[in-house]
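File shown: data_10.txt. Contents: compact mmCIF, C-alpha atoms.
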# COMPACT_ATOMS: atom_id res chain seq x y z
CA MET A 254 0.00 0.00 0.00
CA ALA A 255 1.35 3.36 -0.93
CA LEU A 256 2.27 5.67 1.86
CA THR A 257 -0.24 8.54 2.02
CA ASN A 258 0.23 11.96 3.54
CA ASP A 259 -2.46 11.14 6.10
CA THR A 260 -0.55 8.10 7.27
CA ILE A 261 2.66 10.05 7.66
CA GLN A 262 0.85 12.76 9.60
CA GLN A 263 -0.79 10.15 11.81
CA ARG A 264 2.51 8.41 12.57
CA LEU A 265 4.16 11.73 13.43
CA GLN A 266 1.33 12.85 15.69
CA GLU A 267 1.26 9.50 17.50
CA LYS A 268 4.95 9.91 18.26
CA PHE A 269 5.26 13.66 18.91
CA GLY A 270 1.71 14.74 19.74
CA GLU A 271 1.21 18.50 19.71
CA SER A 272 4.90 19.18 19.13
CA VAL A 273 4.57 18.75 15.38
CA PHE A 274 2.22 21.25 13.87
CA ALA A 275 1.25 23.31 10.83
CA PHE A 276 0.46 20.26 8.72
CA ARG A 277 -0.36 21.32 5.20
CA ASP A 278 -0.84 19.70 1.85
CA SER A 279 1.13 21.73 -0.65
CA HIS A 280 0.65 20.40 -4.19
CA CYS A 281 0.22 16.86 -2.81
CA MET A 282 3.42 17.20 -0.76
CA LEU A 283 3.15 17.02 3.01
CA GLU A 284 4.56 19.99 4.86
CA PHE A 285 4.88 20.44 8.61
CA ALA A 286 6.90 22.26 11.25
CA ALA A 287 8.43 21.43 14.61
CA PRO A 288 10.23 23.37 17.36
CA LYS A 289 13.96 23.70 16.75
CA GLU A 290 14.91 21.49 19.70
CA LEU A 291 13.10 18.58 18.11
CA ASN A 292 14.60 18.71 14.62
CA LEU A 293 16.99 15.78 15.07
CA LYS A 294 14.42 13.70 16.94
CA VAL A 295 11.91 14.17 14.13
CA LEU A 296 14.50 13.46 11.43
CA ASN A 297 15.68 10.36 13.28
CA PHE A 298 12.16 9.12 13.72
CA LEU A 299 11.38 9.63 10.01
CA TYR A 300 14.62 7.85 9.14
CA ASP A 301 14.24 4.85 11.42
CA ASP A 302 10.51 4.20 11.41
CA ALA A 303 9.90 0.98 9.49
CA ALA A 304 6.78 2.27 7.81
CA LEU A 305 8.26 5.62 6.74
CA GLN A 306 12.01 5.28 6.03
CA PHE A 307 12.70 8.82 4.90
CA GLN A 308 16.38 8.09 4.37
CA PHE A 309 17.27 10.48 1.55
CA LEU A 310 17.86 14.19 2.09
CA THR A 311 16.88 15.83 -1.20
CA ASP A 312 17.53 19.38 -0.14
CA LEU A 313 18.25 21.51 2.86
CA THR A 314 17.89 25.25 2.59
CA GLY A 315 16.79 28.37 4.39
CA VAL A 316 14.08 31.00 4.02
CA HIS A 317 13.90 34.44 5.55
CA TYR A 318 10.43 35.58 6.68
CA PRO A 319 11.02 39.07 8.13
CA SER A 320 7.41 39.44 9.30
CA ASN A 321 7.35 36.19 11.27
CA LYS A 322 8.52 37.62 14.61
CA GLY A 323 10.44 35.16 16.77
CA GLY A 324 10.90 32.76 13.86
CA GLU A 325 12.30 34.90 11.10
CA LEU A 326 14.58 32.25 9.68
CA ALA A 327 13.31 28.87 8.54
CA VAL A 328 15.39 25.79 7.86
CA VAL A 329 13.67 23.56 5.34
CA TYR A 330 14.42 19.87 4.96
CA HIS A 331 13.16 18.07 1.87
CA LEU A 332 13.05 14.36 2.57
CA HIS A 333 12.43 11.44 0.27
CA SER A 334 11.45 7.92 1.19
CA LEU A 335 13.00 5.95 -1.63
CA LYS A 336 11.22 2.78 -0.57
CA GLU A 337 7.74 4.29 -0.50
CA ASN A 338 8.46 6.98 -3.12
CA ALA A 339 7.01 9.61 -0.84
CA ARG A 340 8.33 13.11 -0.23
CA LEU A 341 7.81 15.65 2.54
CA ARG A 342 8.94 19.08 3.57
CA PHE A 343 9.88 19.78 7.16
CA LYS A 344 10.42 23.28 8.54
CA ILE A 345 12.16 24.60 11.63
CA PHE A 346 11.75 28.25 12.61
CA VAL A 347 14.45 30.08 14.55
CA PRO A 348 14.70 33.68 15.75
CA ILE A 349 17.12 35.83 13.78
CA GLU A 350 18.89 36.97 16.98
CA GLN A 351 19.92 33.42 17.81
CA PRO A 352 19.75 31.32 14.63
CA GLU A 353 21.01 28.05 16.05
CA VAL A 354 19.90 24.63 14.88
CA TYR A 355 21.35 21.19 15.56
CA THR A 356 23.27 19.85 12.60
CA ALA A 357 21.91 16.93 10.62
CA THR A 358 25.35 15.86 9.43
CA GLY A 359 25.34 12.92 11.85
CA LEU A 360 22.30 11.50 10.09
CA PHE A 361 22.88 12.59 6.48
CA SER A 362 26.39 13.11 5.10
CA ALA A 363 24.80 15.17 2.32
CA ALA A 364 23.79 17.76 4.91
CA ASN A 365 27.41 18.86 5.29
CA TRP A 366 27.66 21.08 2.19
CA MET A 367 23.96 21.98 2.26
CA GLU A 368 24.28 23.34 5.78
CA ARG A 369 27.39 25.27 4.78
CA GLU A 370 25.43 26.80 1.93
CA THR A 371 22.54 27.68 4.25
CA TYR A 372 25.00 29.25 6.65
CA ASP A 373 26.65 31.11 3.77
CA PHE A 374 23.44 32.71 2.53
CA PHE A 375 21.27 33.01 5.66
CA GLY A 376 23.69 32.88 8.56
CA ILE A 377 22.00 29.95 10.25
CA LEU A 378 24.41 28.39 12.73
CA PHE A 379 24.37 24.62 12.71
CA VAL A 380 25.46 23.49 16.14
CA GLY A 381 27.90 20.59 15.90
CA HIS A 382 28.69 20.99 12.20
CA PRO A 383 32.26 19.77 11.54
CA ASN A 384 33.28 22.59 9.16
CA LEU A 385 30.84 25.49 9.23
CA LYS A 386 32.34 28.07 6.87
CA ARG A 387 31.33 29.77 3.63
CA ILE A 388 31.10 27.50 0.62
CA LEU A 389 30.01 29.60 -2.39
CA ASN A 390 30.65 33.24 -1.59
CA VAL A 391 34.01 34.90 -1.08
CA ASP A 392 35.42 34.35 2.38
CA GLU A 393 35.74 38.10 2.95
CA MET A 394 31.99 38.63 2.65
CA ASP A 395 30.76 40.10 5.93
CA TYR A 396 27.01 39.63 5.57
CA PHE A 397 24.49 37.00 4.60
CA PRO A 398 23.28 38.03 1.15
CA LEU A 399 19.91 36.27 0.97
CA ARG A 400 18.56 37.86 4.13
CA LYS A 401 15.91 40.28 3.02
CA GLU A 402 17.40 43.38 4.63
CA PHE A 403 20.26 43.28 2.12
CA PRO A 404 19.53 44.54 -1.39
CA LEU A 405 20.32 42.10 -4.16
CA GLU A 406 22.29 44.62 -6.20
CA ASP A 407 25.96 45.28 -5.72
CA GLN A 408 26.10 48.43 -3.60
CA THR A 409 29.60 49.42 -4.70
CA ARG A 410 28.53 50.61 -8.14
CA ILE A 411 28.09 54.31 -8.72
CA ASP A 412 27.27 54.39 -12.41
CA LYS A 413 23.73 53.07 -12.04
CA ASP A 414 22.49 55.13 -9.14
CA ASP A 415 18.80 55.56 -9.86
CA GLU A 416 16.07 53.77 -8.01
CA MET A 417 15.30 51.50 -10.97
CA PHE A 418 18.46 49.63 -10.08
CA GLY A 419 17.79 49.18 -6.38
CA ARG A 420 20.01 51.90 -4.96
CA GLY A 421 19.36 55.49 -4.12
CA GLY A 422 15.64 54.74 -4.14
CA THR A 423 13.11 53.90 -1.50
CA ILE A 424 13.03 50.11 -1.71
CA LYS A 425 12.40 48.57 1.68
CA MET B 126 8.16 34.77 -45.72
CA SER B 127 11.55 33.19 -45.86
CA ARG B 128 14.51 35.34 -46.56
CA PRO B 129 15.78 35.19 -50.14
CA VAL B 130 19.07 33.42 -50.46
CA SER B 131 21.86 35.54 -51.82
CA TYR B 132 25.09 34.32 -53.30
CA ASN B 133 28.37 36.14 -53.69
CA LEU B 134 28.29 35.93 -57.47
CA VAL B 135 30.10 39.21 -58.03
CA GLN B 136 33.75 38.88 -57.18
CA LYS B 137 35.01 41.92 -55.36
CA PRO B 138 38.34 43.13 -56.67
CA LEU B 139 41.13 43.35 -54.10
CA GLU B 140 41.52 47.01 -53.17
CA LYS B 141 45.02 46.64 -51.81
CA ASP B 142 47.43 43.89 -51.00
CA ILE B 143 46.71 42.96 -47.38
CA SER B 144 49.20 40.12 -47.21
CA VAL B 145 51.95 42.55 -46.26
CA ALA B 146 51.73 45.03 -43.40
CA PRO B 147 51.97 48.68 -44.48
CA LEU B 148 55.31 50.41 -44.22
CA PRO B 149 55.79 52.71 -41.23
CA ASP B 150 56.75 56.36 -41.73
CA GLY B 151 60.43 56.80 -42.53
CA HIS B 152 63.05 57.80 -45.03
CA GLN B 153 63.71 55.60 -47.98
CA GLY B 154 66.42 55.63 -50.56
CA GLU B 155 68.51 53.40 -52.73
CA GLY B 156 69.06 50.25 -50.65
CA PHE B 157 68.09 51.69 -47.28
CA PHE B 158 65.08 52.48 -45.18
CA ALA B 159 65.33 54.48 -41.98
CA THR B 160 62.61 54.65 -39.34
CA SER B 161 62.30 54.70 -35.59
CA LEU B 162 62.88 51.58 -33.52
CA ASP B 163 59.50 52.16 -31.85
CA SER B 164 57.58 51.76 -35.08
CA VAL B 165 59.50 48.66 -36.24
CA ILE B 166 58.98 46.90 -32.94
CA GLY B 167 55.39 48.10 -32.83
CA LEU B 168 54.84 46.71 -36.31
CA ALA B 169 56.26 43.35 -35.32
CA ARG B 170 54.33 43.17 -32.07
CA LYS B 171 50.97 44.24 -33.40
CA ASN B 172 50.95 41.60 -36.13
CA SER B 173 51.94 38.72 -33.88
CA ILE B 174 49.77 39.07 -30.79
CA TRP B 175 49.31 35.87 -28.84
CA PRO B 176 45.91 35.97 -27.17
CA LEU B 177 45.15 34.18 -23.92
CA PRO B 178 41.43 33.41 -23.84
CA PHE B 179 39.86 33.61 -20.40
CA ALA B 180 36.38 32.50 -21.40
CA THR B 181 33.78 31.95 -18.71
CA SER B 182 30.47 32.14 -20.56
CA CYS B 183 28.63 32.98 -23.77
CA CYS B 184 31.14 35.58 -24.96
CA GLY B 185 33.62 32.71 -24.99
CA ILE B 186 31.40 30.89 -27.48
CA GLU B 187 31.49 33.96 -29.72
CA PHE B 188 35.25 33.95 -29.38
CA MET B 189 35.35 30.34 -30.54
CA ALA B 190 33.45 31.45 -33.65
CA THR B 191 35.94 34.29 -34.01
CA MET B 192 38.82 31.83 -34.00
CA GLY B 193 37.01 29.52 -36.42
CA SER B 194 37.50 29.48 -40.16
CA HIS B 195 34.57 31.75 -41.01
CA TYR B 196 35.73 34.82 -39.08
CA ASP B 197 39.30 33.68 -38.59
CA LEU B 198 41.16 35.90 -36.17
CA ALA B 199 44.35 34.32 -37.55
CA ARG B 200 44.14 36.77 -40.47
CA PHE B 201 45.30 39.46 -38.06
CA GLY B 202 48.38 37.66 -36.83
CA SER B 203 46.72 36.14 -33.79
CA GLU B 204 46.93 32.62 -35.11
CA ARG B 205 48.47 31.16 -32.01
CA VAL B 206 46.16 31.09 -29.00
CA GLY B 207 48.29 30.39 -25.98
CA PHE B 208 46.98 28.70 -22.87
CA SER B 209 49.82 29.67 -20.60
CA PRO B 210 49.81 33.27 -19.41
CA ARG B 211 53.63 33.33 -19.49
CA GLN B 212 53.64 33.03 -23.27
CA CYS B 213 50.86 35.47 -24.09
CA ASP B 214 50.60 39.17 -24.85
CA LEU B 215 46.86 39.75 -24.75
CA LEU B 216 44.52 38.66 -21.97
CA MET B 217 41.02 38.33 -23.41
CA VAL B 218 38.47 38.16 -20.61
CA MET B 219 35.18 36.98 -22.00
CA GLY B 220 32.24 36.44 -19.72
CA THR B 221 30.93 36.99 -16.23
CA ILE B 222 33.62 37.16 -13.59
CA ALA B 223 32.30 36.31 -10.15
CA LYS B 224 33.91 38.02 -7.18
CA LYS B 225 35.45 34.70 -6.25
CA MET B 226 37.02 34.54 -9.73
CA GLY B 227 38.49 38.08 -9.43
CA PRO B 228 41.75 36.98 -7.73
CA VAL B 229 42.19 34.31 -10.43
CA VAL B 230 41.98 36.89 -13.23
CA ARG B 231 44.46 39.01 -11.33
CA GLN B 232 46.82 36.08 -10.84
CA VAL B 233 46.70 35.27 -14.56
CA TYR B 234 47.44 38.92 -15.36
CA LEU B 235 50.41 38.93 -12.96
CA GLN B 236 51.83 35.81 -14.58
CA MET B 237 51.93 37.48 -18.01
CA ALA B 238 55.20 39.09 -19.03
CA GLU B 239 55.40 42.75 -19.98
CA PRO B 240 54.35 44.17 -22.35
CA ARG B 241 50.83 42.86 -21.82
CA TRP B 242 47.42 44.05 -22.87
CA VAL B 243 43.91 43.29 -21.63
CA ILE B 244 40.66 43.30 -23.55
CA ALA B 245 37.31 43.00 -21.77
CA VAL B 246 34.87 41.33 -24.14
CA GLY B 247 31.16 41.74 -23.49
CA ALA B 248 28.98 43.57 -21.02
CA CYS B 249 29.78 41.29 -18.07
CA ALA B 250 33.55 41.59 -18.25
CA SER B 251 33.26 45.33 -18.92
CA SER B 252 30.71 46.30 -16.26
CA GLY B 253 29.07 43.28 -14.67
CA GLY B 254 26.35 43.46 -17.31
CA ILE B 255 22.95 42.25 -16.27
CA PHE B 256 24.46 40.57 -13.21
CA ASP B 257 24.17 43.57 -10.95
CA THR B 258 24.37 41.40 -7.87
CA TYR B 259 26.35 40.75 -4.72
CA SER B 260 28.33 37.85 -6.16
CA VAL B 261 29.54 39.31 -9.48
CA LEU B 262 32.52 41.56 -10.07
CA GLN B 263 31.21 44.79 -11.59
CA GLY B 264 33.75 44.94 -14.37
CA ILE B 265 37.23 43.42 -14.47
CA ASP B 266 38.79 46.88 -14.38
CA GLN B 267 38.33 46.61 -10.61
CA VAL B 268 41.14 44.04 -10.49
CA VAL B 269 43.27 44.55 -13.61
CA PRO B 270 43.84 47.54 -15.93
CA VAL B 271 41.88 47.16 -19.18
CA ASP B 272 42.99 48.54 -22.57
CA VAL B 273 39.94 47.90 -24.75
CA TYR B 274 36.29 47.22 -23.91
CA VAL B 275 34.08 45.44 -26.42
CA PRO B 276 30.39 46.14 -25.82
CA GLY B 277 27.63 43.65 -26.55
CA CYS B 278 25.79 40.83 -24.82
CA PRO B 279 27.41 38.87 -26.31
CA PRO B 280 29.29 40.84 -28.98
CA ARG B 281 29.31 39.41 -32.47
CA PRO B 282 32.61 37.99 -33.78
CA GLU B 283 33.00 41.12 -35.90
CA ALA B 284 32.94 43.18 -32.70
CA ILE B 285 35.58 40.97 -31.10
CA ILE B 286 37.75 41.32 -34.21
CA ASP B 287 37.26 45.08 -34.03
CA GLY B 288 38.38 45.01 -30.39
CA VAL B 289 41.52 43.12 -31.38
CA LEU B 290 42.17 45.67 -34.13
CA ARG B 291 41.87 48.47 -31.57
CA ILE B 292 44.42 46.57 -29.45
CA GLN B 293 46.66 46.36 -32.53
CA ASP B 294 46.43 50.14 -32.88
CA LEU B 295 47.51 50.54 -29.26
CA VAL B 296 50.32 48.00 -29.60
CA GLY B 297 51.62 49.51 -32.83
CA LYS B 298 51.68 53.05 -31.50
CA GLU B 299 53.00 52.32 -28.03
CA SER B 300 56.24 53.99 -27.07
CA LEU B 301 58.98 51.61 -26.00
CA ARG B 302 59.42 53.73 -22.88
CA ARG B 303 55.82 53.52 -21.79
CA ARG B 304 56.17 50.46 -19.57
CA ASN B 305 58.98 52.17 -17.64
CA SER B 306 57.17 55.46 -17.24
CA GLU B 307 56.02 56.94 -13.96
CA HIS B 308 52.51 57.14 -15.37
CA TYR B 309 52.39 53.42 -16.06
CA LYS B 310 53.85 52.57 -12.65
CA ALA B 311 51.21 54.76 -11.03
CA LEU B 312 48.52 52.91 -12.99
CA LEU B 313 49.76 49.53 -11.79
CA ASN B 314 50.16 50.85 -8.26
CA SER B 315 46.53 51.91 -8.28
CA TYR B 316 45.76 48.20 -8.72
CA GLY B 317 48.23 47.22 -6.02
CA ILE B 318 50.66 45.71 -8.55
CA GLN B 319 54.34 46.54 -8.03
Turn the structure described in the file into structure tokens.
Amino acid sequence: MALTNDTIQQRLQEKFGESVFAFRDSHCMLEFAAPKELNLKVLNFLYDDAALQFQFLTDLTGVHYPSNKGGELAVVYHLHSLKENARLRFKIFVPIEQPEVYTATGLFSAANWMERETYDFFGILFVGHPNLKRILNVDEMDYFPLRKEFPLEDQTRIDKDDEMFGRGGTIK
Amino acid sequence: MSRPVSYNLVQKPLEKDISVAPLPDGHQGEGFFATSLDSVIGLARKNSIWPLPFATSCCGIEFMATMGSHYDLARFGSERVGFSPRQCDLLMVMGTIAKKMGPVVRQVYLQMAEPRWVIAVGACASSGGIFDTYSVLQGIDQVVPVDVYVPGCPPRPEAIIDGVLRIQDLVGKESLRRRNSEHYKALLNSYGIQ
């Protein structure tokens, strides 16, 4: 029998009760959230549970929601159960003042570079990561470019200084 | 409607012999020709430029067409494309240079022997182009001095050839003392190159 989103939700709620929340069906893909302390417990459960076996980390990335006070930064895990051919999306929200999340490198080796990338662009600190340093941007970069308070455009240019190009204007 | 096919049926007469470079200014008489050393060396240099292609994106594809038989940059004495900076005279930077690539371009430039020239081909190498973003170098003239900029996104092979011809003009007219001048040293110093 194919693994349905309802079954996955049921298994998670049996195990974690009210701690897992915000279940949502997004284009037939299950999405849910958990408090940041529980991220490894949830990932381990999804990995080890005989009926679920979410043992493949498709993607790990970050999102910045400036209006979500107290949980401005999200860490998103995309998991795939190769056996059941089911996918899900799992979110952790952390405050921007203290963006600390436990690393998933112990469970998935693939998380190593993905967490470095997430650190590089969003500044999320993965506690226990073996080598948390920038991976794509120059080492001298002193900010996290995909946080929304930073404009996308290079601010060092002076030849394109009108507001159409994102500098000198009133873009918030 | 499809475009009518045209053939080069009318043979264009050769206006002048282009197989020999034109004579520099000088005095000529029976069995002698006198001119300045500058112009002789300039003549030799400008017709034997060894380009070093530094191609990172679509402008590099246009450069490949430029080197191919149809456009044939070899007609202008740049037959030999070198892939070691130590052998080459002309650094051709073609394509987007990310900030992380900036030190690499600079290193390649430093490895070239004097006299050396740089051509920035395309909008990205010249100014960052459409990539007005945190990760892209906004023009390679932030890391190395540039002699000629070729506009276009990407420029057609004719434009690249025109850029090389502009470089030839610079090479042919350059004073032999230029690379030792205070002005040139100040230019390199402004890039932090000793």
Quick check, in Å to one decimal: how far apart do atom CA of Tyr330 of chain A and atom CA of Asp395 of chain A lie?
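Computed distance, atom CA of Tyr330 of chain A to atom CA of Asp395 of chain A, equals 26.0 Å.
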For the interface of chain A with chain B (cut-off 8 Å, counting only C-alpha atoms), please tabulate each contacting residue of chain A alongside its nearest pair of atoms and their separation in Å to one decimal, rows sorted by chain and increasing number, as JSON lines.
{"residue": "A:Asn390", "atom": "CA", "partner": "B:Lys225", "partner_atom": "CA", "distance": 6.8}
{"residue": "A:Val391", "atom": "CA", "partner": "B:Lys225", "partner_atom": "CA", "distance": 5.4}
{"residue": "A:Pro398", "atom": "CA", "partner": "B:Tyr259", "partner_atom": "CA", "distance": 7.2}
{"residue": "A:Leu405", "atom": "CA", "partner": "B:Thr258", "partner_atom": "CA", "distance": 5.5}
{"residue": "A:Glu406", "atom": "CA", "partner": "B:Thr258", "partner_atom": "CA", "distance": 4.2}
{"residue": "A:Asp407", "atom": "CA", "partner": "B:Tyr259", "partner_atom": "CA", "distance": 4.7}
{"residue": "A:Gln408", "atom": "CA", "partner": "B:Tyr259", "partner_atom": "CA", "distance": 7.8}
{"residue": "A:Arg410", "atom": "CA", "partner": "B:Gln263", "partner_atom": "CA", "distance": 7.3}
Take the residues from that selection and put them in a file with C-alpha atoms, as a PDB file, in the coordinates of the input.
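Contents of the output file out24.pdb:
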ATOM      1  CA  ASN A 390      30.650  33.240  -1.590  1.00  0.00           C
ATOM      2  CA  VAL A 391      34.010  34.900  -1.080  1.00  0.00           C
ATOM      3  CA  PRO A 398      23.280  38.030   1.150  1.00  0.00           C
ATOM      4  CA  LEU A 405      20.320  42.100  -4.160  1.00  0.00           C
ATOM      5  CA  GLU A 406      22.290  44.620  -6.200  1.00  0.00           C
ATOM      6  CA  ASP A 407      25.960  45.280  -5.720  1.00  0.00           C
ATOM      7  CA  GLN A 408      26.100  48.430  -3.600  1.00  0.00           C
ATOM      8  CA  ARG A 410      28.530  50.610  -8.140  1.00  0.00           C
TER       9      ARG A 410
END
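Minimum atom-to-atom distance to Phe274 of chain A, evaluated using all atoms listed in the file, belongs to A:Ala286 out of A:Leu399, A:Ala364, A:Ala286, A:Met394.
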May I ask for the distance between atom CA of Pro348 of chain A and atom CA of Met367 of chain A, given in Å to one decimal place?
20.1 Å
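Of note, atom CA of Glu370 of chain A and atom CA of Ala357 of chain A are spaced 13.6 Å apart.
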From the set B:Arg231, B:Arg304, B:Arg291, B:Lys298, which residue has the shortest atom-to-atom contact distance to Gln267 of chain B, counting all atoms listed in the file?
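Between B:Arg231, B:Arg304, B:Arg291, B:Lys298, the residue approaching Gln267 of chain B most closely is B:Arg231.
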Could you pull the residues within 12 Å of Gln263 of chain A, counting all atoms listed in the file, minus those fewer than 6 positions along the same chain, as a list of chain:residue names?
A:Leu256, A:Thr257, A:Phe269, A:Gly270, A:Glu271, A:Val273, A:Phe274, A:Phe276, A:Leu283, A:Ala304, A:Leu305
List as a list in words the protein and nucleic acid residues near Leu148 of chain B, meaning an atom at most 10 Å away when only C-alpha atoms are counted, but skip any in the same chain fewer than 3 places from it.
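Final neighbour list, sorted by chain and number: Val145, Gly151, Thr160, Ser164, Val165 and Leu168 of chain B.
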Just C-alpha atoms for this one: save the residues we selected as a compact mmCIF listing (two decimals), in the coordinates of the input.
# COMPACT_ATOMS: atom_id res chain seq x y z
CA VAL B 145 51.95 42.55 -46.26
CA GLY B 151 60.43 56.80 -42.53
CA THR B 160 62.61 54.65 -39.34
CA SER B 164 57.58 51.76 -35.08
CA VAL B 165 59.50 48.66 -36.24
CA LEU B 168 54.84 46.71 -36.31
If I only want segment 318-337 of chain A, can you write it with N, CA and C atoms, as a PDB file, in the first residue's frame?
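The new file result_3.pdb reads:
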ATOM      1  N   TYR A 318      11.762  34.966   6.589  1.00  0.00           N
ATOM      2  CA  TYR A 318      10.429  35.584   6.682  1.00  0.00           C
ATOM      3  C   TYR A 318      10.530  36.753   7.655  1.00  0.00           C
ATOM      4  N   PRO A 319      10.795  37.970   7.189  1.00  0.00           N
ATOM      5  CA  PRO A 319      11.024  39.072   8.125  1.00  0.00           C
ATOM      6  C   PRO A 319       9.811  39.377   8.999  1.00  0.00           C
ATOM      7  N   SER A 320       8.600  39.071   8.530  1.00  0.00           N
ATOM      8  CA  SER A 320       7.407  39.437   9.300  1.00  0.00           C
ATOM      9  C   SER A 320       7.043  38.395  10.343  1.00  0.00           C
ATOM     10  N   ASN A 321       7.661  37.246  10.306  1.00  0.00           N
ATOM     11  CA  ASN A 321       7.351  36.188  11.268  1.00  0.00           C
ATOM     12  C   ASN A 321       8.204  36.386  12.517  1.00  0.00           C
ATOM     13  N   LYS A 322       7.711  37.244  13.445  1.00  0.00           N
ATOM     14  CA  LYS A 322       8.516  37.619  14.605  1.00  0.00           C
ATOM     15  C   LYS A 322       8.798  36.399  15.496  1.00  0.00           C
ATOM     16  N   GLY A 323      10.042  36.287  15.929  1.00  0.00           N
ATOM     17  CA  GLY A 323      10.435  35.161  16.768  1.00  0.00           C
ATOM     18  C   GLY A 323      10.818  33.930  15.983  1.00  0.00           C
ATOM     19  N   GLY A 324      10.495  33.897  14.696  1.00  0.00           N
ATOM     20  CA  GLY A 324      10.898  32.762  13.860  1.00  0.00           C
ATOM     21  C   GLY A 324      11.189  33.244  12.461  1.00  0.00           C
ATOM     22  N   GLU A 325      12.064  34.255  12.396  1.00  0.00           N
ATOM     23  CA  GLU A 325      12.295  34.905  11.103  1.00  0.00           C
ATOM     24  C   GLU A 325      12.960  33.982  10.104  1.00  0.00           C
ATOM     25  N   LEU A 326      13.851  33.114  10.605  1.00  0.00           N
ATOM     26  CA  LEU A 326      14.578  32.253   9.675  1.00  0.00           C
ATOM     27  C   LEU A 326      14.017  30.838   9.749  1.00  0.00           C
ATOM     28  N   ALA A 327      13.782  30.254   8.598  1.00  0.00           N
ATOM     29  CA  ALA A 327      13.311  28.872   8.538  1.00  0.00           C
ATOM     30  C   ALA A 327      14.402  28.009   7.936  1.00  0.00           C
ATOM     31  N   VAL A 328      14.549  26.812   8.487  1.00  0.00           N
ATOM     32  CA  VAL A 328      15.388  25.794   7.855  1.00  0.00           C
ATOM     33  C   VAL A 328      14.435  24.771   7.272  1.00  0.00           C
ATOM     34  N   VAL A 329      14.596  24.466   6.022  1.00  0.00           N
ATOM     35  CA  VAL A 329      13.666  23.563   5.340  1.00  0.00           C
ATOM     36  C   VAL A 329      14.398  22.292   4.940  1.00  0.00           C
ATOM     37  N   TYR A 330      13.869  21.165   5.370  1.00  0.00           N
ATOM     38  CA  TYR A 330      14.416  19.871   4.958  1.00  0.00           C
ATOM     39  C   TYR A 330      13.447  19.243   3.964  1.00  0.00           C
ATOM     40  N   HIS A 331      13.960  18.837   2.832  1.00  0.00           N
ATOM     41  CA  HIS A 331      13.159  18.070   1.871  1.00  0.00           C
ATOM     42  C   HIS A 331      13.606  16.622   1.981  1.00  0.00           C
ATOM     43  N   LEU A 332      12.689  15.760   2.365  1.00  0.00           N
ATOM     44  CA  LEU A 332      13.054  14.362   2.573  1.00  0.00           C
ATOM     45  C   LEU A 332      12.336  13.482   1.565  1.00  0.00           C
ATOM     46  N   HIS A 333      12.979  12.372   1.251  1.00  0.00           N
ATOM     47  CA  HIS A 333      12.430  11.442   0.267  1.00  0.00           C
ATOM     48  C   HIS A 333      12.538  10.039   0.840  1.00  0.00           C
ATOM     49  N   SER A 334      11.419   9.329   0.834  1.00  0.00           N
ATOM     50  CA  SER A 334      11.451   7.919   1.187  1.00  0.00           C
ATOM     51  C   SER A 334      11.568   7.128  -0.103  1.00  0.00           C
ATOM     52  N   LEU A 335      12.768   6.631  -0.348  1.00  0.00           N
ATOM     53  CA  LEU A 335      12.998   5.947  -1.626  1.00  0.00           C
ATOM     54  C   LEU A 335      12.164   4.677  -1.709  1.00  0.00           C
ATOM     55  N   LYS A 336      11.955   4.035  -0.553  1.00  0.00           N
ATOM     56  CA  LYS A 336      11.219   2.775  -0.568  1.00  0.00           C
ATOM     57  C   LYS A 336       9.758   3.010  -0.903  1.00  0.00           C
ATOM     58  N   GLU A 337       9.170   4.043  -0.293  1.00  0.00           N
ATOM     59  CA  GLU A 337       7.741   4.293  -0.501  1.00  0.00           C
ATOM     60  C   GLU A 337       7.501   5.307  -1.629  1.00  0.00           C
TER      61      GLU A 337
END
